[in-house]
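The structure under discussion appears below in the form of structure tokens.
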Amino acid sequence: MSGYISVAEMAERWQLTVRRVQVLCNQQRIQGAIKQSGIWLIPFDAKKPERLLAGKKNPTKKKKLKLVSLFSGCGGIDLGFEGDFNVLRKSVNLKINSNWEIRNVDKNWVRIGKTRFHTIFANDIKPEAKAAWTNYFSKRGIDPENYYLDSIVDLVKLQKENKINIFPMDIDVLIGGFPCQDFSIAGKRMGFESNKGHDGRRIEEEEPTIENRGQLYMWMREVIGITKPKVFVAENVKGLTNLKDAKEVIEKDFSSVCNGGYLVVPARVLNAANYGVPQGRERVIFFGFKKSALTSEALAELSKEELTMKYTPYPVITHYLPNEIPKENLVKFVTVKDALGDLVEPEKSNDLSHQKYSKAKYMGKHCQGQQEVRLNGVGPTIRSEHHGNIEFRRLSEAHGGKHKKELSDGLKERRLSVRECARIQTFPDDYEFVIPARNGNKSVSGSEAYKIIGNAVPPLLGYHIAKRLEDNWELYFGGEKNSDNIN
């Protein structure tokens, strides 16, 4: 694997025994070390851990926080909460996030540090999502068996009716982007009146049911009631805020779980471009805190109508947007050119996910997805349901293409490749999307890859949310019983 070396190689470099390096890996004292097929791999530029004094605990390593992921898809927000992946150097603002652990990769890329969060459960109904998720996260030492290819409705019913423990208990965080097509501007915006069931199939009843996609957040609510996390994070499209009083209804429904045992702070819309993502992507985020787990001061502060900067769970904006006046400490938005500039053309690439791109022809400006990306601007929202009409990487001059230099160099009109969409979403290049059938999972085609990428939360946005929560963990829940140091 590029950028990694074996335990034996690192042992020789650090002048340690192989066994000692293995122990350091198992103790999670080597930043970025991953386990693949039972073998530890260590980043080439990893720093040798400092020797701990006898009887002393490692002050930088705190208790892992157990995470359950629902509607996981290919794991965009899961990766964000796990951390330890490559992002563009321009995507990180160390003036604001000075406490982030950053390792240099090259002049354009850095690797952001591992968080305390550890995924112990994930689920989705899409086999292609499971195939991509397990293929990637298994290389990071996460058991593929943690991913359930089942509807959340079926899993809840199975646990309740058969008294089988499906969902893990004693968890810290629950996250989930409940299905959003029914609230999306790009979709039909049916909201609570969706005509699709929890398994993705069309339902025939005229009246909406609790099992349709528009109300699947209610089943997320059921899982919150079963697992009782200290905090949950729910995500959906901005369009939800424009549908009647949908946001307020969902906030109220989440608040009522466990007989009113959760405090739901007012939801906010976050634009991924404000956090170093080279894409204009707005999402509404809900936070719910278990009242009995909060300190008395945190409960009082989070109950206020206006949250202070100290207690708000929402991450601080790091990048200004196009046409905005730069504010103090903010850095410029990340452009499409920043994200894609070092990629060769698909036919010259060895990356299968870059070789694949939609061959759908240009259909005229009146149709969605018929524009080329603006290289010096923020990228368009990467959509899931585009039916091949993903935006163009470049258009021909006859179709209004403006990338004159590329056209004069003989580069042809084409749509964005799967890898380019993944880059705009801030997925790292070591995440494979177009993959053959392996390990009992189905293959993932280019068309399927586009969809699971488009459905995902940008990992970097997820990381901002996770780091804010991590930084405030002791502030919210106290220090002693929730953050024991580990050796």
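Each chain of the structure tokens is named A, B, ... in the order shown, its residues numbered from 1; ligands are numbered from 1 in display order.
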
Who sits within 8 Å of region 32-48 of chain A, only C-alpha atoms, same chain under 2 positions skipped, as number ranges by chain: A: 3-7, 10, 14, 22, 25, 28, 30, 50, 84, 113-114, 138-141

Surrounding residues of Phe477 (chain A) excluding itself and chain neighbours under 5 positions, 7 Å, only C-alpha atoms, as a PyMOL selection string: chain A and resi 293-295

Residue contacts of Ser255 (chain A) (12 Å, only C-alpha atoms) excluding same-chain residues fewer than 5 positions away, as a ChimeraX atom specification: /A:218,221,224-225,231-232,248-250,260-266,286-291,303

Which of region 322-399 of chain A fall in strand (DSSP E), as a list in words: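 Residues meeting the strand (DSSP E) criterion: Val331, Lys332, Phe392, Arg393 and Arg394 of chain A.
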
Which residues of region 315-420 of chain A come within 10 Å of region 426-435 of chain A, and what is each one's closest atom pair and distance in Å (one decimal), counting only C-alpha atoms, sorted by chain and residue number, as a tab-separated table?
```
residue	atom	partner	partner_atom	distance
A:Ala339	CA	A:Thr426	CA	8.4
A:Asp351	CA	A:Glu432	CA	8.5
A:Leu352	CA	A:Val434	CA	6.2
A:Ser353	CA	A:Val434	CA	5.1
A:His354	CA	A:Val434	CA	8.7
A:Gln355	CA	A:Val434	CA	9.3
A:Lys356	CA	A:Val434	CA	7.9
A:Val418	CA	A:Phe433	CA	7.7
A:Arg419	CA	A:Asp429	CA	7.6
A:Glu420	CA	A:Thr426	CA	9.6
```

Distance in Å - CA of Leu94 (chain A) versus CA of Val334 (chain A): 14.8 Å

Selection: 8 Å around Asn455 (chain A), only C-alpha atoms, excl. self and same-chain fewer than 6 positions, as a list in words: Gly73, Arg383 and Ser384 of chain A

Pick from A:Gln31, A:Thr134, A:Asn242, A:Asn99 nearest to Asp471 (chain A), counting only C-alpha atoms: A:Asn99

Counting only C-alpha atoms, the residue of A:Thr241, A:Ser72, A:Ser396, A:Ser349 that sits nearest Gln371 (chain A): A:Ser396

Closest of A:Lys359, A:Arg281, A:Arg116, A:His464 to Glu413 (chain A) - atom-to-atom distances counting only C-alpha atoms: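 Closest residue, counting only C-alpha atoms: A:Lys359.
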
For Lys451 (chain A), the nearest of the candidates A:Ala272, A:Ile390, A:Ala298, A:Ile465, counting only C-alpha atoms: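 Closest residue, counting only C-alpha atoms: A:Ile390.
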
Gap from CA of His403 (chain A) to CA of Arg374 (chain A) - Å, one decimal: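 So the answer is 8.7 Å.
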
In region 11-170 of chain A, DSSP alpha helix (DSSP H) residues written as number ranges by chain: A: 11-14, 18-26, 76-82, 127-137, 152-162

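Across the structure, CA of Ile142 (chain A) and CA of Ser98 (chain A) are spaced 28.7 Å apart.
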
Distance query region 305-319 of chain A at most 6 Å, only C-alpha atoms, self and fewer than 4 positions along chain excluded, as number ranges by chain: A: 274-275, 330-333, 464-465, 468

From A:Ile424, A:Val223, A:Cys258, A:Ile77, residue lying nearest Ser292 (chain A) [only C-alpha atoms]: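 Looking only at the distances to Ser292 (chain A), the closest residue turns out to be A:Cys258.
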